[in-house]
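Novice: Structure incoming, see below.
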Amino acid sequence: MASVKTSTLLKSYAPPRGVADELLDMDGKLRPVWWPLIDLLSRQTPEALAARTAAGDQYLNDAGVYFRQLGDGNSSERTWPLSHIPVMLDQAEWKQVSQGIVQRAELLEMVMADLYGPASLVHEGLLPPDLIARNPEWLRPMVNVAPRSGHYLHFLAFEIGRSPDGTWFVLGDRTQAPSGSGFALENRVATSRVFSDLYPNANVERLAGFFRAFRDALNGLRVSDDQRVGILTPGPQTDTYFEHAYIARYLGFALLESGDLKAEAGNVSIRTIAGQQPVSVLWRRLDARFADPLELDEGSALGTPGLVSALREGALTMVNALGSGVLESRALLAFMPRIAEKLLRQPLLLPNIATWWCGQAQERAYVRENLDRMMIGPALSQRQPFDLEPSSWFGRSFLEESDKNVDDWLEREGDRLVAQEAVTLSTTPALSEGRLVPRPMTVRVFAARTPDGWTVMPGGYARIGKSEDPRALSMQSGGSVADVWVVGQKPVQVDSLAPPATGPFTRRMPGFLPSRAADNLFWLGRYVERAEFVIREIRAYHKRLSESGGTDLQLLEDLAVFLEAYGTEVTEPVPQNLRDLIQSAKNCAARIRDRFSIDGWSALSDLSRSVEAMSGNALPGEEVARSMTLLLRKLAGFSGLVHENMFRFMGWRFLTIGRALERADSMAALLETFATEEGTSGGFDLAVEVGDSVMTHQRRYSIQTNRNTVIDLLVLDHLNPRSILFQIEQIKTQNEALPLSEHHGRVSQLTRLVVQLHSDLTTATPEEIDTAALRDIRSQIAAMSDALDQQYLS
C-alpha cells in the first residue's frame, strides 16, 4: 500500500550514488519506519502541506525561538530554521547507537580524569604531550582539582553521521558546554504541530523522561535541599541564549550570569534581593577559560572571580568540569581508538571519523599520499569536520587552488594540522518548494549522567544541509535543523517532567529573585512607562500642530523644548529616542527570558517591530498622531498582559515599582512645566490630556481646567491611576511586601522615603503643590530610586 500511494511523492527523490539515505534502503526501497509519515504526506494537497508547515513555523514564531547569527563583528536574531520533515530512526537501531554513546561517554570521563590527574596517557606515549600542553582548553590551574561529585562529565553531546555502508560514526565530541538539548525540545513541539494527527500514535519515544532524570540527578548533587542549582550563561549576546533561558524555565533552575554570583571564602552564592543565597551546582553554558578572571583568562568579563578556588575547596559541582573543552580537540580523535583499547580493553562500538595527526612522520606520509580524499585543518580546532573554518582545506581543493607546496606545508606545520577522511554523509528527505529532496545530515545526540549511569536522549536533533554540499550544514552557513523520531513497535506512554504524585499536595512558591533579574524588571517597567509618556507627548504635539495649523506656536515650542529634555526630537516622525526606549525595554526583557511569559515577549517584540516599521516619511500633524495612537494601543496590550498574567511575586513587585516611579516622576516633570499660573496658554489642557484624564476632569469639574483642578486630579487624587499619589501608594504597598523593608525593628531608608512622601501628599492641598513642591517631589522620587538600587539591586 505504501509503495503505491507514495510513488508520485518519491518519483523525483534521488539520493546521490554511493550515499546512504535515511528514507530509502540500499535497494532503493522505502524503509518501514517511514511508511506512516510518507503515506500521510502522499495524501496532502500542496495547500494542505503548506498549512501544516505554517503551523510549525507559527509555533516557533509565537514562542520566540531564535538563534543569534554571528559575523563581521555583529550579531542579529534570526528565525529558527526548522526543517519540517523529521528524521525517522528505528528503535532497535537507536539502541545500538546508544550503547556506543554510553561507551564513549565512559571513555571520555576516563581520559578527562587522566589528563587532570596522573597523565598516564601522556607518560605512556598514547597522547603527544605537546598536543595537550598547547591546547588553550587544557587549564593548568585545574590539574589535581578533583570534582566534588566524583565525576568530571555530566552532560555530553556527540555529532554522528552515517557512512555509505549504513553504519554510524562519530564526527565530534561536545564536552565543553554542549548546546542544543533545549532546541531539540522546541523542534519536537513544532514538528508535532506539523504532524499533529500522526505524532500521538506514531510510537515515537518521548523526551521528557530524559530531562526529568537529568534534572533529578543535578538536584541530587546539591549539598542540602536549601541550596540551589543554577545554569550559568554568558548572557543574551551568545548565539544560543534562547536555549539557556528555555531550558532553565523548563527544568525550574535559575538562569545566572557571572554578575549574579559571588565567590568568597571558598563558597559560592547568588546575589538576591534577600541577600546571599548558596548555590552548590552550576550547569555551565560558557567556555571554561572565561569562568574565572583571577586564575584563568584575566581579560574575561564573563567570569566570577574566585570560582576556581571554590571548586578547589569542594564547595561547588561544575557541570561539566572546567577544562573539559580539551576533549573536543579534533586531533584527539586520532588517538581515541588506541586509548579505548588501553582503558576499556575493547574497541569503540561507535568509531569516530578516521583522523591523522600530522605531527608524526608516518601519518604525514600517509596524508600526503592520500591528499585527494582528506580534509585538513587546525589540530586543536573544536569544530566538527564539516564546519570548516577559513584555514581548513579539502585536500582536493588544496591541490587545485593553493599555491603552497604540500610537502613543505606538512613538514613545517604538521604538528598543528590534522587530516580527516572526507567522508560522504547520508541524506535525509527535506521539503523544498513543496517536494521531497535528499539533503546531507548529521545527528546531535545527548547523554546525561544519572545515579544509574549514562542515559541517552531518545532522539536529538539533525542538522540538515541547505544544498547537497555537506559544508553547509551549520545554521551559521544557512543549514536547518530537524527533529529526530525514534520509533518503536509498541505504543509509548505519554510522559511529562513532573514526578509521580506521592503524599498530600504541597504548594510550592517561586524561589529567590537574583538582584540582576530584579534590576532588569525594575528598568523594564521604567522604560515601558517612559516610552508611553514620550508617545503621549509626541501625539499631543502633532494633534495641536494639526488642529491649530501651527498657530499655537508658544505651546508647541514649549512642548518641543520639554521633549528635548527627554532626548526626543519632535521634528522626526518616529524619534530615535522612542526607538531606543523600546529597544532598551526589550533588552531588559531579553535578560530575563526565563522569567518572562511567551505572550509578554511576543507583545513586546510586536511593539518593537511596529516602531521599526513606521515610516520616517509620515507627514507631521494628524498622520504622526495616528501612528502614535497605534503604538499606545500596542503598549496597552503589553501592559495588560503583564498586569493580568504575571504572578504577584517579587519580580512583579519590582516591575510595578519601576513603572510607578517613572510615571510619578514624568507627571511631576510635566506639571512643573505646564501647570503654572504664569505658564503658556493651553498647558493645563495638555497636562490633563497627557495624563489620560480628560473624561474624568470633564465629569468631576464643570469648569475649564485651572491649576487647582489639574493638581488635584493629577497629583493628589488617590483614585486616579495617573496621579502621583496613586503611584506612591502603589510603591508603598509593594515595598511593604519586599524582604528587608523592615529589619530588626527598623525600617529601611526606602521605606522612610516612601512613607514620608505618602504622608506629605495625603495631607497636602492643591494650593500647597507649587512649582517648588513639584521639584521637591521629583527629588524625593530620585532618592527612592537610589535607595532601592542600594538596598536590592547593587
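We name chains A, B, ... following the order of the C-alpha cells; residues begin at 1 in each chain, and ligands are numbered from 1 as shown.
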For A:Ile598, work out the shell of residues within 12 Å, counting only C-alpha atoms and skipping chain neighbours fewer than 6 positions away, then give it as a ChimeraX atom specification.

Specialist: /A:59-65,242,245-246,249,589-590,592,604-605,638,641-642,645-646

Novice: Write out as a PDB file with all heavy atoms, in the first residue's frame the residues lying within 7 Å of A:Ser480, counting only C-alpha atoms and excluding same-chain residues fewer than 2 positions away.

Specialist:
ATOM      1  N   PRO A  81      15.556  27.925  12.052  1.00  0.00           N
ATOM      2  CA  PRO A  81      15.395  27.324  10.722  1.00  0.00           C
ATOM      3  C   PRO A  81      14.954  25.864  10.776  1.00  0.00           C
ATOM      4  O   PRO A  81      15.748  24.947  10.550  1.00  0.00           O
ATOM      5  CB  PRO A  81      16.797  27.468  10.124  1.00  0.00           C
ATOM      6  CG  PRO A  81      17.714  27.352  11.302  1.00  0.00           C
ATOM      7  CD  PRO A  81      16.977  27.943  12.476  1.00  0.00           C
ATOM      8  N   LEU A  82      13.680  25.637  11.034  1.00  0.00           N
ATOM      9  CA  LEU A  82      13.179  24.271  11.158  1.00  0.00           C
ATOM     10  C   LEU A  82      13.024  23.615   9.795  1.00  0.00           C
ATOM     11  O   LEU A  82      12.436  24.177   8.879  1.00  0.00           O
ATOM     12  CB  LEU A  82      11.819  24.282  11.871  1.00  0.00           C
ATOM     13  CG  LEU A  82      11.152  22.914  12.036  1.00  0.00           C
ATOM     14  CD1 LEU A  82      11.927  22.062  13.039  1.00  0.00           C
ATOM     15  CD2 LEU A  82       9.696  23.064  12.476  1.00  0.00           C
ATOM     16  N   SER A  83      13.554  22.399   9.691  1.00  0.00           N
ATOM     17  CA  SER A  83      13.254  21.531   8.559  1.00  0.00           C
ATOM     18  C   SER A  83      12.092  20.645   9.007  1.00  0.00           C
ATOM     19  O   SER A  83      12.216  19.905   9.977  1.00  0.00           O
ATOM     20  CB  SER A  83      14.467  20.678   8.187  1.00  0.00           C
ATOM     21  OG  SER A  83      14.178  19.840   7.097  1.00  0.00           O
ATOM     22  N   ARG A 463      21.040  18.121  11.890  1.00  0.00           N
ATOM     23  CA  ARG A 463      21.429  19.309  11.119  1.00  0.00           C
ATOM     24  C   ARG A 463      21.326  18.942   9.640  1.00  0.00           C
ATOM     25  O   ARG A 463      21.923  17.960   9.190  1.00  0.00           O
ATOM     26  CB  ARG A 463      22.837  19.753  11.487  1.00  0.00           C
ATOM     27  CG  ARG A 463      22.975  20.108  12.957  1.00  0.00           C
ATOM     28  CD  ARG A 463      24.140  21.037  13.218  1.00  0.00           C
ATOM     29  NE  ARG A 463      25.413  20.481  12.825  1.00  0.00           N
ATOM     30  CZ  ARG A 463      26.542  21.188  12.762  1.00  0.00           C
ATOM     31  NH1 ARG A 463      26.525  22.466  13.027  1.00  0.00           N
ATOM     32  NH2 ARG A 463      27.674  20.609  12.429  1.00  0.00           N
ATOM     33  N   ILE A 464      20.600  19.752   8.919  1.00  0.00           N
ATOM     34  CA  ILE A 464      20.283  19.451   7.527  1.00  0.00           C
ATOM     35  C   ILE A 464      20.949  20.486   6.627  1.00  0.00           C
ATOM     36  O   ILE A 464      20.830  21.696   6.860  1.00  0.00           O
ATOM     37  CB  ILE A 464      18.754  19.480   7.281  1.00  0.00           C
ATOM     38  CG1 ILE A 464      18.028  18.660   8.347  1.00  0.00           C
ATOM     39  CG2 ILE A 464      18.438  18.996   5.884  1.00  0.00           C
ATOM     40  CD1 ILE A 464      18.334  17.199   8.339  1.00  0.00           C
ATOM     41  N   GLY A 465      21.633  20.032   5.595  1.00  0.00           N
ATOM     42  CA  GLY A 465      22.288  20.939   4.666  1.00  0.00           C
ATOM     43  C   GLY A 465      21.283  21.699   3.803  1.00  0.00           C
ATOM     44  O   GLY A 465      20.222  21.180   3.460  1.00  0.00           O
ATOM     45  N   LYS A 466      21.627  22.922   3.450  1.00  0.00           N
ATOM     46  CA  LYS A 466      20.722  23.708   2.597  1.00  0.00           C
ATOM     47  C   LYS A 466      20.851  23.293   1.130  1.00  0.00           C
ATOM     48  O   LYS A 466      20.038  23.684   0.297  1.00  0.00           O
ATOM     49  CB  LYS A 466      21.001  25.198   2.736  1.00  0.00           C
ATOM     50  CG  LYS A 466      22.340  25.660   2.183  1.00  0.00           C
ATOM     51  CD  LYS A 466      22.479  27.173   2.292  1.00  0.00           C
ATOM     52  CE  LYS A 466      23.818  27.657   1.722  1.00  0.00           C
ATOM     53  NZ  LYS A 466      23.951  29.129   1.795  1.00  0.00           N
ATOM     54  N   MET A 475      23.851  26.178  11.012  1.00  0.00           N
ATOM     55  CA  MET A 475      22.879  27.247  10.860  1.00  0.00           C
ATOM     56  C   MET A 475      23.558  28.547  10.455  1.00  0.00           C
ATOM     57  O   MET A 475      22.981  29.352   9.732  1.00  0.00           O
ATOM     58  CB  MET A 475      22.107  27.433  12.166  1.00  0.00           C
ATOM     59  CG  MET A 475      21.158  26.288  12.473  1.00  0.00           C
ATOM     60  SD  MET A 475      20.173  26.576  13.952  1.00  0.00           S
ATOM     61  CE  MET A 475      21.431  26.606  15.217  1.00  0.00           C
ATOM     62  N   GLY A 478      23.618  28.640   6.846  1.00  0.00           N
ATOM     63  CA  GLY A 478      22.356  28.548   6.132  1.00  0.00           C
ATOM     64  C   GLY A 478      21.666  27.209   6.238  1.00  0.00           C
ATOM     65  O   GLY A 478      20.636  26.989   5.593  1.00  0.00           O
ATOM     66  N   ALA A 482      16.234  19.571  12.149  1.00  0.00           N
ATOM     67  CA  ALA A 482      15.030  18.741  12.131  1.00  0.00           C
ATOM     68  C   ALA A 482      14.954  17.924  13.410  1.00  0.00           C
ATOM     69  O   ALA A 482      15.977  17.604  14.024  1.00  0.00           O
ATOM     70  CB  ALA A 482      15.034  17.813  10.915  1.00  0.00           C
TER      71      ALA A 482
END

Novice: What gap, in Å, lies between atom CA of A:Asp717 and atom CA of A:Arg659?

Specialist: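 Separation between atom CA of A:Asp717 and atom CA of A:Arg659: 18.0 Å.
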
Novice: Restricting the calculation to only C-alpha atoms, which member of A:Ala361, A:Val528, A:Ala177, A:Leu311 is positioned closest to A:Arg284?

Specialist: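 Selected residue with least distance to A:Arg284: A:Ala177.
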
Novice: For A:Leu218, which of A:Lys29, A:Arg162, A:His154, A:Arg373 is the closest residue, counting only C-alpha atoms?

Specialist: A:His154

Novice: Find the spatial neighbours of stretch 787-792 of chain A, counting only C-alpha atoms, within a cut-off of 7 Å - ignore same-chain residues fewer than 6 positions away - and output them as a PyMOL selection string.

Specialist: chain A and resi 273+515+749-750

Novice: Measure the distance from atom CA of A:Asp770 to atom CA of A:Ile731 in Å and round it to one decimal.

Specialist: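 Between atom CA of A:Asp770 and atom CA of A:Ile731 the gap is 23.1 Å.
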
Novice: What does the structure give for the distance between atom CA of A:Gly125 and atom CA of A:Ala334, in Å to one decimal?

Specialist: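 Value for the atom CA of A:Gly125-atom CA of A:Ala334 distance: 13.3 Å.
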
Novice: Taking 6 positions as the minimum chain separation for residues in the same chain, which residues sit within 7 Å of A:Ala379 when counting only C-alpha atoms? Answer as a list of chain:residue names.

Specialist: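 Final neighbour list, sorted by chain and number: A:Ser329, A:Arg330, A:Ala331, A:Arg416, A:Leu417, A:Val418.
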
Novice: Got time to write the residues from that selection, N, CA, C and O atoms, as a CSV table (one decimal), in the first residue's frame?

Specialist:
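Contents of again_1.csv, freshly written:
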chain,number,residue,atom,x,y,z
A,329,SER,N,39.1,18.7,21.1
A,329,SER,CA,40.2,18.9,20.1
A,329,SER,C,40.0,17.9,19.0
A,329,SER,O,39.9,16.7,19.2
A,330,ARG,N,40.0,18.3,17.7
A,330,ARG,CA,39.9,17.5,16.6
A,330,ARG,C,41.0,16.4,16.5
A,330,ARG,O,40.8,15.3,16.1
A,331,ALA,N,42.2,16.8,16.9
A,331,ALA,CA,43.3,15.9,16.8
A,331,ALA,C,43.2,14.7,17.8
A,331,ALA,O,43.7,13.6,17.5
A,416,ARG,N,50.6,21.1,13.9
A,416,ARG,CA,49.5,22.0,14.1
A,416,ARG,C,48.3,21.6,13.2
A,416,ARG,O,47.3,22.3,13.2
A,417,LEU,N,48.5,20.5,12.5
A,417,LEU,CA,47.5,20.2,11.5
A,417,LEU,C,46.9,18.8,11.8
A,417,LEU,O,47.6,17.9,12.3
A,418,VAL,N,45.7,18.6,11.3
A,418,VAL,CA,45.1,17.3,11.4
A,418,VAL,C,44.4,17.0,10.1
A,418,VAL,O,43.8,17.9,9.5

Novice: DSSP on the backbone: which residues in stretch 700-765 of chain A end up as alpha helix (DSSP H)? Give the answer as a ChimeraX atom specification.

Specialist: /A:700,707-711,724-736,749-763

Novice: So that I can check the surroundings of A:Met318, please list as a PyMOL selection string every protein, DNA and RNA residue that reaches within 8 Å of it, counting only C-alpha atoms and ignoring chain neighbours fewer than 3 positions away.

Specialist: chain A and resi 147+281-284+311+321-322

Novice: Residues within 8 Å of A:Asp21, please, as a count of residues only. Count only C-alpha atoms; anything in the same chain fewer than 3 positions from it doesn't count.

Specialist: 8

Novice: Write down as a VMD selection string the residues of stretch 158-353 of chain A whose backbone DSSP state falls under strand (DSSP E or B).

Specialist: chain A and resid 158 to 162 168 to 174 204 228 to 232 254 to 256 261 to 264 267 to 272 275 to 284 317 to 319 352
